[in-house]
$ cat structure.cif   # mmCIF, C-alpha atoms
data_query
loop_
_atom_site.label_atom_id
_atom_site.label_comp_id
_atom_site.auth_asym_id
_atom_site.auth_seq_id
_atom_site.Cartn_x
_atom_site.Cartn_y
_atom_site.Cartn_z
CA MET A 1 158.86 75.35 62.31
CA THR A 2 155.32 74.18 61.78
CA ALA A 3 152.36 74.90 63.98
CA THR A 4 149.07 73.04 63.99
CA GLU A 5 148.01 71.39 60.73
CA GLY A 6 151.31 72.18 59.08
CA THR A 7 150.62 75.85 58.41
CA THR A 8 153.46 78.33 58.64
CA ARG A 9 152.82 80.54 61.63
CA LEU A 10 154.19 83.95 60.87
CA VAL A 11 153.24 85.66 64.13
CA LYS A 12 155.87 84.31 66.45
CA GLY A 13 159.16 85.62 67.72
CA PRO A 14 160.26 88.64 65.69
CA GLY A 15 157.09 88.20 63.65
CA MET A 16 155.09 89.58 66.58
CA LEU A 17 157.09 92.80 66.57
CA LEU A 18 156.70 93.00 62.80
CA VAL A 19 152.92 92.60 62.99
CA TRP A 20 152.79 95.34 65.60
CA LEU A 21 154.76 97.75 63.41
CA TYR A 22 152.72 96.91 60.31
CA GLY A 23 149.57 97.30 62.38
CA VAL A 24 150.66 100.75 63.53
CA MET A 25 151.55 101.80 59.99
CA SER A 26 148.19 100.46 58.77
CA VAL A 27 146.18 102.40 61.32
CA GLY A 28 148.30 105.51 60.72
CA ALA A 29 148.14 105.36 56.93
CA VAL A 30 144.44 104.44 56.76
CA SER A 31 143.26 107.14 59.14
CA ARG A 32 145.51 109.69 57.50
CA SER A 33 144.21 108.85 54.01
CA ILE A 34 140.59 108.85 55.06
CA TYR A 35 140.99 112.22 56.70
CA GLN A 36 142.94 113.79 53.85
CA ILE A 37 140.78 112.42 51.06
CA ALA A 38 137.58 113.35 52.88
CA SER A 39 138.60 116.86 53.87
CA GLU A 40 141.13 118.29 51.45
CA PHE A 41 141.59 115.96 48.48
CA ASP A 42 141.85 118.76 45.91
CA ARG A 43 144.88 120.26 47.56
CA ALA A 44 147.23 117.38 46.68
CA PRO A 45 145.37 114.61 44.82
CA LEU A 46 148.52 112.74 43.81
CA ALA A 47 150.02 112.69 47.30
CA TYR A 48 146.78 111.62 48.93
CA SER A 49 146.11 108.88 46.36
CA LEU A 50 149.59 107.49 46.95
CA SER A 51 148.98 107.56 50.70
CA ALA A 52 145.80 105.57 50.15
CA VAL A 53 147.71 102.99 48.09
CA ALA A 54 150.30 102.74 50.86
CA ALA A 55 147.50 102.24 53.38
CA VAL A 56 146.01 99.35 51.39
CA VAL A 57 149.41 97.69 51.09
CA TYR A 58 150.02 97.97 54.85
CA VAL A 59 146.61 96.57 55.74
CA PHE A 60 147.06 93.65 53.35
CA ILE A 61 150.50 92.76 54.69
CA THR A 62 149.23 92.93 58.28
CA TYR A 63 146.37 90.62 57.34
CA THR A 64 148.57 88.06 55.58
CA LEU A 65 151.03 88.01 58.49
CA VAL A 66 148.26 87.36 60.99
CA ARG A 67 146.64 84.73 58.77
CA GLY A 68 149.83 82.74 58.26
CA GLY A 69 150.36 79.76 55.97
CA GLU A 70 152.48 79.33 52.89
CA LYS A 71 150.19 81.14 50.46
CA ALA A 72 149.90 84.15 52.78
CA ARG A 73 153.67 84.12 53.25
CA ARG A 74 154.23 84.37 49.49
CA ALA A 75 151.60 87.07 49.14
CA ALA A 76 153.19 89.03 51.98
CA LEU A 77 156.60 88.65 50.35
CA VAL A 78 155.30 90.08 47.06
CA CYS A 79 153.67 92.96 48.93
CA CYS A 80 156.79 93.74 50.92
CA ALA A 81 158.71 93.92 47.64
CA ALA A 82 155.99 96.19 46.20
CA GLU A 83 156.13 98.29 49.34
CA LEU A 84 159.90 98.64 49.10
CA ALA A 85 159.60 99.58 45.42
CA GLY A 86 156.88 102.07 46.31
CA VAL A 87 158.96 103.71 49.02
CA LEU A 88 161.98 103.97 46.72
CA VAL A 89 160.02 105.30 43.73
CA VAL A 90 157.89 107.77 45.70
CA GLY A 91 160.88 108.74 47.84
CA THR A 92 162.98 109.55 44.78
CA TRP A 93 160.03 111.20 43.06
CA THR A 94 159.41 113.58 45.98
CA LEU A 95 163.06 114.59 46.00
CA VAL A 96 163.36 115.08 42.23
CA GLU A 97 160.06 116.85 41.68
CA PRO A 98 158.80 118.35 44.94
CA SER A 99 156.34 120.59 43.06
CA ALA A 100 154.17 117.56 42.25
CA PHE A 101 153.58 117.12 45.99
CA PRO A 102 152.06 120.13 47.77
CA ASP A 103 151.65 117.89 50.80
CA ALA A 104 153.62 114.92 52.04
CA THR A 105 152.71 111.26 51.55
CA VAL A 106 153.59 108.44 53.91
CA TRP A 107 156.41 107.54 51.55
CA SER A 108 157.78 111.05 50.92
CA ASP A 109 161.56 111.41 51.27
CA PHE A 110 161.88 107.67 51.90
CA GLY A 111 159.64 107.87 54.96
CA TYR A 112 161.62 110.65 56.66
CA GLY A 113 158.51 111.82 58.54
CA TYR A 114 158.09 108.33 59.99
CA VAL A 115 161.67 107.86 61.23
CA PHE A 116 162.46 105.92 58.02
CA ILE A 117 160.25 103.08 59.25
CA PRO A 118 158.58 102.80 55.80
CA VAL A 119 161.90 101.90 54.18
CA LEU A 120 163.20 99.72 57.03
CA LEU A 121 159.97 97.76 57.51
CA PRO A 122 159.83 96.00 54.11
CA LEU A 123 163.50 95.01 54.42
CA THR A 124 162.86 93.48 57.84
CA GLY A 125 159.67 91.92 56.51
CA ILE A 126 161.41 90.27 53.57
CA TRP A 127 164.13 88.97 55.88
CA TRP A 128 161.59 87.51 58.29
CA LEU A 129 159.40 85.95 55.58
CA ARG A 130 162.38 84.27 53.95
CA LYS A 131 163.60 83.03 57.31
CA SER A 132 160.17 81.57 58.10
CA ALA A 133 160.29 79.63 54.86
CA GLU A 134 163.65 78.09 55.69
CA ALA A 135 162.46 77.09 59.13
CA ALA A 136 159.28 75.49 57.82
CA MET B 137 147.42 121.12 82.29
CA LEU B 138 147.52 119.35 78.96
CA ASP B 139 151.15 120.32 78.42
CA VAL B 140 152.17 118.88 81.77
CA LEU B 141 150.34 115.64 80.98
CA THR B 142 151.93 115.41 77.55
CA VAL B 143 155.39 115.72 79.07
CA ALA B 144 154.51 113.22 81.82
CA VAL B 145 153.13 110.66 79.37
CA SER B 146 156.14 111.05 77.07
CA ALA B 147 158.58 110.55 79.94
CA ALA B 148 156.64 107.56 81.28
CA ALA B 149 156.41 106.05 77.79
CA LEU B 150 160.14 106.41 77.19
CA ALA B 151 160.88 104.89 80.60
CA LEU B 152 158.60 101.96 79.77
CA ALA B 153 160.31 101.58 76.40
CA ALA B 154 163.73 101.50 78.04
CA TRP B 155 162.55 99.05 80.69
CA CYS B 156 160.94 96.61 78.25
CA GLY B 157 163.77 97.10 75.79
CA PHE B 158 166.15 96.08 78.56
CA ALA B 159 164.03 92.98 79.23
CA ALA B 160 164.19 92.10 75.53
CA PHE B 161 167.94 92.66 75.58
CA ARG B 162 168.26 90.24 78.52
CA ASP B 163 166.12 87.69 76.68
CA GLN B 164 163.20 87.97 79.10
CA SER B 165 159.47 88.03 78.49
CA THR B 166 157.23 90.67 80.06
CA LYS B 167 156.58 90.10 83.77
CA ASP B 168 153.89 91.30 86.18
CA TRP B 169 155.92 94.40 86.98
CA HIS B 170 156.04 95.35 83.33
CA PHE B 171 152.27 95.06 83.12
CA ILE B 172 151.90 97.32 86.16
CA GLY B 173 154.15 99.79 84.35
CA MET B 174 151.95 99.56 81.25
CA ALA B 175 148.87 100.12 83.42
CA VAL B 176 150.40 103.27 84.92
CA VAL B 177 151.27 104.64 81.48
CA THR B 178 147.82 103.78 80.13
CA PHE B 179 146.19 105.44 83.13
CA LEU B 180 148.12 108.65 82.42
CA VAL B 181 146.97 108.56 78.79
CA LEU B 182 143.39 108.02 79.93
CA VAL B 183 143.65 111.10 82.16
CA GLN B 184 145.08 112.98 79.18
CA LEU B 185 142.14 111.89 77.02
CA ILE B 186 139.63 113.08 79.62
CA VAL B 187 141.42 116.39 80.17
CA GLY B 188 141.67 116.88 76.41
CA ILE B 189 137.94 116.30 75.91
CA VAL B 190 137.09 118.61 78.83
CA GLN B 191 139.28 121.34 77.33
CA LEU B 192 137.45 120.95 74.00
CA ALA B 193 134.09 121.00 75.78
CA ARG B 194 135.08 124.24 77.48
CA GLY B 195 135.45 125.81 74.07
CA GLU B 196 139.20 125.66 73.60
CA GLU B 197 140.34 124.58 70.18
CA ALA B 198 143.15 122.42 68.90
CA GLU B 199 145.30 124.23 66.34
CA GLU B 200 145.06 121.48 63.71
CA GLY B 201 141.43 120.63 64.30
CA THR B 202 139.28 118.70 66.73
CA THR B 203 139.01 115.51 64.65
CA ILE B 204 142.76 115.00 64.39
CA PHE B 205 143.24 115.86 68.04
CA VAL B 206 140.68 113.33 69.29
CA ALA B 207 141.92 110.68 66.84
CA TYR B 208 145.45 111.03 68.18
CA LEU B 209 144.22 110.93 71.79
CA LEU B 210 142.39 107.66 71.08
CA GLY B 211 145.35 106.23 69.19
CA ALA B 212 147.62 107.12 72.10
CA LEU B 213 145.26 105.36 74.48
CA CYS B 214 145.30 102.13 72.44
CA ALA B 215 149.03 101.87 71.68
CA VAL B 216 150.40 100.40 74.91
CA PRO B 217 147.47 98.11 75.87
CA ILE B 218 147.44 96.46 72.43
CA ALA B 219 151.20 95.92 72.55
CA GLY B 220 150.72 94.52 76.07
CA PHE B 221 148.17 91.95 74.89
CA MET B 222 150.48 90.98 72.05
CA SER B 223 153.26 90.37 74.56
CA LEU B 224 150.89 88.00 76.40
CA ALA B 225 150.59 85.97 73.22
CA GLU B 226 154.35 86.03 72.63
CA ARG B 227 156.07 84.92 75.82
CA SER B 228 159.61 85.64 74.70
CA ARG B 229 162.00 88.55 74.34
CA TRP B 230 160.07 89.55 71.23
CA GLY B 231 156.97 90.21 73.33
CA SER B 232 159.03 92.64 75.41
CA ALA B 233 160.40 94.21 72.24
CA THR B 234 156.83 94.71 70.99
CA VAL B 235 155.86 96.57 74.17
CA ALA B 236 159.02 98.68 73.89
CA ALA B 237 158.06 99.54 70.31
CA GLY B 238 154.53 100.34 71.46
CA ALA B 239 155.85 102.74 74.09
CA VAL B 240 158.08 104.46 71.51
CA VAL B 241 155.06 104.85 69.22
CA LEU B 242 153.20 106.43 72.16
CA ALA B 243 156.04 108.90 72.76
CA VAL B 244 155.95 109.89 69.07
CA LEU B 245 152.16 110.33 69.26
CA GLU B 246 152.65 112.64 72.26
CA VAL B 247 155.00 114.86 70.27
CA ARG B 248 152.42 115.03 67.48
CA LEU B 249 149.66 115.73 70.04
CA HIS B 250 151.65 118.67 71.31
CA ASP B 251 151.99 120.05 67.77
CA ILE B 252 148.30 119.50 67.08
CA TRP B 253 147.20 121.30 70.21
CA THR B 254 149.64 124.19 70.27
CA VAL B 255 149.30 127.25 68.11
CA GLY B 256 152.32 127.91 65.94
#
$ encode --input "structure.cif" --output "structure tokens"
Amino acid sequence: MTATEGTTRLVKGPGMLLVWLYGVMSVGAVSRSIYQIASEFDRAPLAYSLSAVAAVVYVFITYTLVRGGEKARRAALVCCAAELAGVLVVGTWTLVEPSAFPDATVWSDFGYGYVFIPVLLPLTGIWWLRKSAEAA
Amino acid sequence: MLDVLTVAVSAAALALAAWCGFAAFRDQSTKDWHFIGMAVVTFLVLVQLIVGIVQLARGEEAEEGTTIFVAYLLGALCAVPIAGFMSLAERSRWGSATVAAGAVVLAVLEVRLHDIWTVG
């Protein structure tokens, strides 16, 4: 479906719920990273850096979803794939080598601490972004 | 006092989640009654925020630190109203689903708030 001026609106229907969840993850990840990096970075530099990366990815996806349009849709799709890869890599990494992570990241144990939302969100996101393309 | 409020807010948030989730299930958008429900929940969180700040001002301390405690209180206050506004922009079942998700997020924040405040 096309909205005004032929841009793909991504924030409609299930997209609204998706934006909300990405928004929550963004706020959560950003505030968590800022706090951890500002107050106790030396304790677990790797974990906190990865959390910061996750935060940036979440913020960017939220922004592209709100912005809409074909270019933003593609960018969001790439980021969702990167996010999924990140969750899987970091999730596996934390299980294989827990000693590298004195403290948890957002993506530790496949997002166990966040009710597995980090691993479910990119899958839903990819589904929604592909569906929006077909409808457009 | 804070414990009672945390339990009350959690229960109210879960009830709101169930209610709006039911609306989404029945393919309905959020109605006036849902917004009154959101207002009630938000009011409870506002009371919690005030009580929390008063407790801090009286010299009590949150186990995991004041900054985190206040940040979570503010986050809890924002969750439902923002979801409510989003449901105004999305007049379909997905608006209701967004509010339900917002209420679930609030319930999770309450559990974390309890951990942050309580020693042990």
$ atom_distance --input "structure.cif" --atom1 "atom CA of B:Gly173" --atom2 "atom CA of B:Arg229"
17.0 Å
$ closest_atom_pairs --input "structure.cif" --of "chain B" --to "chain A" --cutoff "10 Å" --atoms "only C-alpha atoms" --output "JSON lines"
{"residue": "B:Thr203", "atom": "CA", "partner": "A:Tyr35", "partner_atom": "CA", "distance": 8.8}
{"residue": "B:Ile204", "atom": "CA", "partner": "A:Tyr35", "partner_atom": "CA", "distance": 8.4}
{"residue": "B:Ala207", "atom": "CA", "partner": "A:Ser31", "partner_atom": "CA", "distance": 8.6}
{"residue": "B:Tyr208", "atom": "CA", "partner": "A:Gly28", "partner_atom": "CA", "distance": 9.7}
{"residue": "B:Gly211", "atom": "CA", "partner": "A:Val27", "partner_atom": "CA", "distance": 8.8}
{"residue": "B:Ala215", "atom": "CA", "partner": "A:Val24", "partner_atom": "CA", "distance": 8.4}
{"residue": "B:Ile218", "atom": "CA", "partner": "A:Trp20", "partner_atom": "CA", "distance": 8.7}
{"residue": "B:Ala219", "atom": "CA", "partner": "A:Trp20", "partner_atom": "CA", "distance": 7.2}
{"residue": "B:Met222", "atom": "CA", "partner": "A:Met16", "partner_atom": "CA", "distance": 7.3}
{"residue": "B:Ser223", "atom": "CA", "partner": "A:Met16", "partner_atom": "CA", "distance": 8.2}
{"residue": "B:Ala225", "atom": "CA", "partner": "A:Lys12", "partner_atom": "CA", "distance": 8.7}
{"residue": "B:Glu226", "atom": "CA", "partner": "A:Lys12", "partner_atom": "CA", "distance": 6.6}
{"residue": "B:Arg227", "atom": "CA", "partner": "A:Gly13", "partner_atom": "CA", "distance": 8.7}
{"residue": "B:Ser228", "atom": "CA", "partner": "A:Gly13", "partner_atom": "CA", "distance": 7.0}
{"residue": "B:Arg229", "atom": "CA", "partner": "A:Gly13", "partner_atom": "CA", "distance": 7.8}
{"residue": "B:Trp230", "atom": "CA", "partner": "A:Gly13", "partner_atom": "CA", "distance": 5.3}
{"residue": "B:Gly231", "atom": "CA", "partner": "A:Met16", "partner_atom": "CA", "distance": 7.0}
{"residue": "B:Ser232", "atom": "CA", "partner": "A:Leu17", "partner_atom": "CA", "distance": 9.1}
{"residue": "B:Ala233", "atom": "CA", "partner": "A:Leu17", "partner_atom": "CA", "distance": 6.7}
{"residue": "B:Thr234", "atom": "CA", "partner": "A:Leu17", "partner_atom": "CA", "distance": 4.8}
{"residue": "B:Val235", "atom": "CA", "partner": "A:Leu17", "partner_atom": "CA", "distance": 8.6}
{"residue": "B:Ala236", "atom": "CA", "partner": "A:Leu17", "partner_atom": "CA", "distance": 9.6}
{"residue": "B:Ala237", "atom": "CA", "partner": "A:Leu17", "partner_atom": "CA", "distance": 7.8}
{"residue": "B:Gly238", "atom": "CA", "partner": "A:Trp20", "partner_atom": "CA", "distance": 7.9}
{"residue": "B:Val241", "atom": "CA", "partner": "A:Val24", "partner_atom": "CA", "distance": 8.3}
{"residue": "B:Val244", "atom": "CA", "partner": "A:Tyr114", "partner_atom": "CA", "distance": 9.5}
$ atom_distance --input "structure.cif" --atom1 "atom CA of B:Ala175" --atom2 "atom CA of B:Ala147"
14.7 Å
$ residues_near_point --input "structure.cif" --point "(149.4, 92.0, 58.1)" --cutoff "10 Å" --atoms "all atoms listed in the file" --output "list in words"
Leu10, Val11, Leu18, Val19, Trp20, Leu21, Tyr22, Gly23, Ser26, Val57, Tyr58, Val59, Phe60, Ile61, Thr62, Tyr63, Thr64, Leu65, Val66, Arg67, Gly68, Ala72 and Ala76 of chain A
$ closest_residue --input "structure.cif" --among "A:Leu77, A:Ser33, A:Tyr112, A:Glu70" --to "A:Thr124" --atoms "only C-alpha atoms"
A:Leu77
$ resolve_selection --input "structure.cif" --expression "the PyMOL selection byres ((chain B and resi 243) around 12)" --output "JSON, numbers by chain"
{"B": [142, 143, 144, 145, 146, 147, 148, 149, 150, 151, 152, 153, 154, 177, 181, 208, 211, 212, 213, 215, 216, 236, 237, 238, 239, 240, 241, 242, 244, 245, 246, 247, 248, 249, 250]}
$ resolve_selection --input "structure.cif" --expression "the PyMOL selection byres ((chain A and resi 91-95) around 7)" --output "short mmCIF file (atom, residue, chain, number, x, y, z; two decimals) with C-alpha atoms, in the frame of the given file"
data_model
loop_
_atom_site.label_atom_id
_atom_site.label_comp_id
_atom_site.auth_asym_id
_atom_site.auth_seq_id
_atom_site.Cartn_x
_atom_site.Cartn_y
_atom_site.Cartn_z
CA VAL A 87 158.96 103.71 49.02
CA LEU A 88 161.98 103.97 46.72
CA VAL A 89 160.02 105.30 43.73
CA VAL A 90 157.89 107.77 45.70
CA VAL A 96 163.36 115.08 42.23
CA GLU A 97 160.06 116.85 41.68
CA PRO A 98 158.80 118.35 44.94
CA PHE A 101 153.58 117.12 45.99
CA TRP A 107 156.41 107.54 51.55
CA SER A 108 157.78 111.05 50.92
CA ASP A 109 161.56 111.41 51.27
CA PHE A 110 161.88 107.67 51.90
#
$ atom_distance --input "structure.cif" --atom1 "atom CA of A:Ser99" --atom2 "atom CA of A:Asp42"
14.9 Å
$ resolve_selection --input "structure.cif" --expression "the PyMOL selection byres ((chain A and resi 127) around 12)" --output "list in words"
Pro14, Gly15, Leu18, Arg73, Ala76, Leu77, Cys80, Ala81, Leu120, Leu121, Pro122, Leu123, Thr124, Gly125, Ile126, Trp128, Leu129, Arg130, Lys131, Ser132, Ala133 and Glu134 of chain A
$ closest_residue --input "structure.cif" --among "A:Arg74, A:Ala38, A:Leu84, A:Pro118" --to "A:Val106" --atoms "all atoms listed in the file"
A:Pro118
$ axis_aligned_box --input "structure.cif" --around "stretch 40-52 of chain A" --padding-each-side "5 Å" --output "AutoDock Vina command-line options"
--center_x 145.6 --center_y 112.9 --center_z 47.6 --size_x 18.9 --size_y 24.7 --size_z 17.6
$ closest_residue --input "structure.cif" --among "B:Gly220, B:Gln164, B:Ile172, B:Leu209" --to "B:Leu185" --atoms "all atoms listed in the file"
B:Leu209
$ residues_around --input "structure.cif" --residues "stretch 48-53 of chain A" --least-positions-apart "3" --cutoff "7 Å" --atoms "all atoms listed in the file" --output "PyMOL selection string"
chain A and resi 29-30+33+36-37+41+44-45+56-57+105-106
$ write_last_selection --input "structure.cif" --atoms "C-alpha atoms" --output "PDB file, in the frame of the given file"
ATOM      1  CA  ALA A  29     148.140 105.360  56.930  1.00  0.00           C
ATOM      2  CA  VAL A  30     144.440 104.440  56.760  1.00  0.00           C
ATOM      3  CA  SER A  33     144.210 108.850  54.010  1.00  0.00           C
ATOM      4  CA  GLN A  36     142.940 113.790  53.850  1.00  0.00           C
ATOM      5  CA  ILE A  37     140.780 112.420  51.060  1.00  0.00           C
ATOM      6  CA  PHE A  41     141.590 115.960  48.480  1.00  0.00           C
ATOM      7  CA  ALA A  44     147.230 117.380  46.680  1.00  0.00           C
ATOM      8  CA  PRO A  45     145.370 114.610  44.820  1.00  0.00           C
ATOM      9  CA  VAL A  56     146.010  99.350  51.390  1.00  0.00           C
ATOM     10  CA  VAL A  57     149.410  97.690  51.090  1.00  0.00           C
ATOM     11  CA  THR A 105     152.710 111.260  51.550  1.00  0.00           C
ATOM     12  CA  VAL A 106     153.590 108.440  53.910  1.00  0.00           C
TER      13      VAL A 106
END
$ closest_residue --input "structure.cif" --among "B:Val183, B:Cys156, B:Val176, B:Ile252" --to "B:Leu141" --atoms "all atoms listed in the file"
B:Val183
$ residues_around --input "structure.cif" --residues "stretch 187-201 of chain B" --least-positions-apart "6" --cutoff "7 Å" --atoms "all atoms listed in the file" --output "JSON list (two decimals) with C-alpha atoms, in the coordinates of the input"
[["chain", "number", "residue", "atom", "x", "y", "z"],
["B", 138, "LEU", "CA", 147.52, 119.35, 78.96],
["B", 252, "ILE", "CA", 148.30, 119.50, 67.08],
["B", 253, "TRP", "CA", 147.20, 121.30, 70.21],
["B", 254, "THR", "CA", 149.64, 124.19, 70.27],
["B", 255, "VAL", "CA", 149.30, 127.25, 68.11]]
$ build_atoms --input "structure.cif" --residues "stretch 159-168 of chain B" --atoms "all heavy atoms" --output "PDB file, in the coordinates of the input"
ATOM      1  N   ALA B 159     164.491  94.359  79.055  1.00  0.00           N
ATOM      2  CA  ALA B 159     164.030  92.980  79.230  1.00  0.00           C
ATOM      3  C   ALA B 159     164.269  92.171  77.955  1.00  0.00           C
ATOM      4  O   ALA B 159     164.723  91.019  78.003  1.00  0.00           O
ATOM      5  CB  ALA B 159     162.547  92.960  79.605  1.00  0.00           C
ATOM      6  N   ALA B 160     163.975  92.794  76.806  1.00  0.00           N
ATOM      7  CA  ALA B 160     164.190  92.100  75.530  1.00  0.00           C
ATOM      8  C   ALA B 160     165.677  91.819  75.338  1.00  0.00           C
ATOM      9  O   ALA B 160     166.076  90.734  74.898  1.00  0.00           O
ATOM     10  CB  ALA B 160     163.662  92.956  74.379  1.00  0.00           C
ATOM     11  N   PHE B 161     166.491  92.800  75.703  1.00  0.00           N
ATOM     12  CA  PHE B 161     167.940  92.660  75.580  1.00  0.00           C
ATOM     13  C   PHE B 161     168.447  91.502  76.430  1.00  0.00           C
ATOM     14  O   PHE B 161     169.340  90.755  76.035  1.00  0.00           O
ATOM     15  CB  PHE B 161     168.600  93.977  76.004  1.00  0.00           C
ATOM     16  CG  PHE B 161     170.095  93.934  76.021  1.00  0.00           C
ATOM     17  CD1 PHE B 161     170.810  93.890  74.826  1.00  0.00           C
ATOM     18  CD2 PHE B 161     170.793  93.946  77.218  1.00  0.00           C
ATOM     19  CE1 PHE B 161     172.183  93.846  74.834  1.00  0.00           C
ATOM     20  CE2 PHE B 161     172.165  93.895  77.236  1.00  0.00           C
ATOM     21  CZ  PHE B 161     172.869  93.852  76.043  1.00  0.00           C
ATOM     22  N   ARG B 162     167.840  91.327  77.629  1.00  0.00           N
ATOM     23  CA  ARG B 162     168.260  90.240  78.520  1.00  0.00           C
ATOM     24  C   ARG B 162     167.530  88.935  78.236  1.00  0.00           C
ATOM     25  O   ARG B 162     167.595  88.000  79.029  1.00  0.00           O
ATOM     26  CB  ARG B 162     168.012  90.657  79.978  1.00  0.00           C
ATOM     27  CG  ARG B 162     168.851  91.853  80.380  1.00  0.00           C
ATOM     28  CD  ARG B 162     169.212  91.805  81.831  1.00  0.00           C
ATOM     29  NE  ARG B 162     168.057  91.484  82.678  1.00  0.00           N
ATOM     30  CZ  ARG B 162     168.136  91.373  83.995  1.00  0.00           C
ATOM     31  NH1 ARG B 162     169.283  91.548  84.598  1.00  0.00           N
ATOM     32  NH2 ARG B 162     167.070  91.090  84.706  1.00  0.00           N
ATOM     33  N   ASP B 163     166.820  88.909  77.098  1.00  0.00           N
ATOM     34  CA  ASP B 163     166.120  87.690  76.680  1.00  0.00           C
ATOM     35  C   ASP B 163     165.023  87.280  77.649  1.00  0.00           C
ATOM     36  O   ASP B 163     164.854  86.099  77.950  1.00  0.00           O
ATOM     37  CB  ASP B 163     167.131  86.536  76.510  1.00  0.00           C
ATOM     38  CG  ASP B 163     166.601  85.483  75.548  1.00  0.00           C
ATOM     39  OD1 ASP B 163     165.515  85.713  74.978  1.00  0.00           O
ATOM     40  OD2 ASP B 163     167.252  84.444  75.374  1.00  0.00           O
ATOM     41  N   GLN B 164     164.287  88.273  78.180  1.00  0.00           N
ATOM     42  CA  GLN B 164     163.200  87.970  79.100  1.00  0.00           C
ATOM     43  C   GLN B 164     161.862  88.387  78.522  1.00  0.00           C
ATOM     44  O   GLN B 164     161.781  89.370  77.798  1.00  0.00           O
ATOM     45  CB  GLN B 164     163.421  88.722  80.428  1.00  0.00           C
ATOM     46  CG  GLN B 164     164.550  88.137  81.253  1.00  0.00           C
ATOM     47  CD  GLN B 164     164.811  88.937  82.502  1.00  0.00           C
ATOM     48  OE1 GLN B 164     164.366  90.070  82.631  1.00  0.00           O
ATOM     49  NE2 GLN B 164     165.543  88.340  83.430  1.00  0.00           N
ATOM     50  N   SER B 165     160.823  87.636  78.885  1.00  0.00           N
ATOM     51  CA  SER B 165     159.470  88.030  78.490  1.00  0.00           C
ATOM     52  C   SER B 165     158.967  89.087  79.467  1.00  0.00           C
ATOM     53  O   SER B 165     159.610  89.362  80.473  1.00  0.00           O
ATOM     54  CB  SER B 165     158.553  86.809  78.504  1.00  0.00           C
ATOM     55  OG  SER B 165     158.457  86.311  79.814  1.00  0.00           O
ATOM     56  N   THR B 166     157.788  89.665  79.162  1.00  0.00           N
ATOM     57  CA  THR B 166     157.230  90.670  80.060  1.00  0.00           C
ATOM     58  C   THR B 166     156.705  90.009  81.330  1.00  0.00           C
ATOM     59  O   THR B 166     156.069  88.966  81.275  1.00  0.00           O
ATOM     60  CB  THR B 166     156.074  91.431  79.374  1.00  0.00           C
ATOM     61  OG1 THR B 166     155.243  90.488  78.709  1.00  0.00           O
ATOM     62  CG2 THR B 166     156.593  92.438  78.370  1.00  0.00           C
ATOM     63  N   LYS B 167     157.001  90.631  82.457  1.00  0.00           N
ATOM     64  CA  LYS B 167     156.580  90.100  83.770  1.00  0.00           C
ATOM     65  C   LYS B 167     155.460  90.964  84.352  1.00  0.00           C
ATOM     66  O   LYS B 167     155.116  92.012  83.798  1.00  0.00           O
ATOM     67  CB  LYS B 167     157.779  90.099  84.718  1.00  0.00           C
ATOM     68  CG  LYS B 167     158.976  89.311  84.221  1.00  0.00           C
ATOM     69  CD  LYS B 167     158.715  87.819  84.316  1.00  0.00           C
ATOM     70  CE  LYS B 167     159.984  87.007  84.174  1.00  0.00           C
ATOM     71  NZ  LYS B 167     160.758  87.302  82.973  1.00  0.00           N
ATOM     72  N   ASP B 168     154.953  90.537  85.515  1.00  0.00           N
ATOM     73  CA  ASP B 168     153.890  91.300  86.180  1.00  0.00           C
ATOM     74  C   ASP B 168     154.256  92.767  86.350  1.00  0.00           C
ATOM     75  O   ASP B 168     153.439  93.654  86.128  1.00  0.00           O
ATOM     76  CB  ASP B 168     153.605  90.699  87.564  1.00  0.00           C
ATOM     77  CG  ASP B 168     152.816  89.399  87.448  1.00  0.00           C
ATOM     78  OD1 ASP B 168     152.452  89.049  86.306  1.00  0.00           O
ATOM     79  OD2 ASP B 168     152.586  88.743  88.468  1.00  0.00           O
TER      80      ASP B 168
END
